Amino acid sequence: MNALAIEAEGLVKQYRGRTGTVDAVRGVDLGVTAGEVFGFLGPNGAGKSTTVRMLTTLLTITSGTARVAGIDVTADPDAVRRRIGVALQEAGLDPRQTGRELIELQARLFGSGAADAAARAEELLELVELTDAADRRIKGYSGGMKRRLDLASALVHRPEVLFLDEPTTGLDPASRLGVWDEVRRINQRGTTVFLTTQYLEEADQLCDRLAIIDDGRIVRSGTPASLKAELRTRLGLASDPTLDEVFLDATGRTRERVAGDVQEVTA
């Protein structure tokens with residue numbers, strides 16, 4: 001059995017506000033197996049981003065424990081950062097640089113020499129199919145190209161775990177499918193991927209397993225197939241439901257309440 005790339009037990013995040021303590025995350029337990037693509041779903045404000053920010057050392061943990069790549073997040077955050085890659089919703093790309101310059105600079109910042117940095121840039125640009133655009137300034141890249149370059153940037157130091165926070169939000173369907181292909185390629189090379197998304201079709205297509213969080217707690221987890229099968233059996237449906245229907249059942253929401261928040265995208 002593969003080791004766990006991400007472990008969380010009783011993970012809690014509290015904020016102090018004017019009206020008292022706010023519980024953003026309320027005792028989350030997670031186990032992500034090394035080498036899988038794990039989906040993390042939930043409505044806006046459910047605790048997705050807060051959980052990810054704790055796992056990636058960007059937020060302190062109020063209580064509970066978390067280990068990423070075998071390292072305690074609270075005890076040794078620097079070691080965790082050296083083993084993870086993070087691609088957030090807003091790509092932090094300098095529009096004045098070329099794609100090649102960006103990747104080479106990232107590699108140099110991680111300690112590579114000039115020759116190794118150039119070789120790593122060439123390898124990653126080929127992986128995300130940006131070789132032909134490598135020497136163009138980033139300001140001329142499309143949204144999909146910028147997302148793919150951001151993925152390459154997050155992979156410079158060969159992370160064991162890659163966190164992707166809604167990587168296809170705002171992209172057109174063709175660009176979205178292109179990012180899906182990149183995620184599959186990255187995962188096939190052995191990188192564990194932790195993916196947050198609001199697109200249910202994306203989770204269905206990409207994820208080996210997933211968890212749904214609502215109001216700071218995990219309310220459903222399993223493979224996409226097992227979650228759909230469970231709902232079909234429980235409700236006595238004639239055919240398998242969609243992951244949309246699993247999500248709505250798990251969170252107690254109606255389609256009207258989540259209109260615009262959770263969408264299903266078909267190729």
# chains A, B, ... in the order shown; residues from 1 in each chain; ligands from 1
>>> residues_around(residues="range 215-229 of chain A", least_positions_apart="5", cutoff="7 Å", atoms="only C-alpha atoms", output="list in words")
Ala24, Val25, Arg26, Gly27, Val28, Ala46, Gly47, Asp204, Asp208, Arg209, Leu210, Asp240, Pro241, Thr242, Leu243, Val246 and Ala250 of chain A
>>> residues_around(residues="range 57-59 of chain A", least_positions_apart="4", cutoff="9 Å", atoms="only C-alpha atoms", output="list of chain:residue names")
A:Lys13, A:Thr50, A:Thr51, A:Val52, A:Arg53, A:Val73, A:Thr74, A:Pro77, A:Asp78, A:Val80, A:Arg81
>>> residues_around(residues="range 118-128 of chain A", least_positions_apart="2", cutoff="12 Å", atoms="only C-alpha atoms", output="count of residues only")
50
>>> atom_distance(atom1="CA of Gly39 in chain A", atom2="CA of Ser175 in chain A")
19.6 Å
>>> closest_residue(among="A:Val193, A:Ile138, A:Ile6, A:Ile71", to="Pro95 in chain A", atoms="only C-alpha atoms")
A:Ile138
>>> select_by_dssp(residues="range 67-254 of chain A", states="alpha helix (DSSP H)", output="PyMOL selection string")
chain A and resi 77-83+99-109+114-127+143-154+173-188+200-206+224-235+243-251
>>> closest_residue(among="A:Ala211, A:Arg232, A:Ala238, A:Asp244", to="Phe40 in chain A", atoms="only C-alpha atoms")
A:Ala211
>>> select_by_dssp(residues="range 58-133 of chain A", states="strand (DSSP E)", output="list in words")
Ser63, Gly64, Thr65, Ala66, Arg67, Val68, Ile71, Asp72, Ile84, Gly85, Val86 and Ala87 of chain A
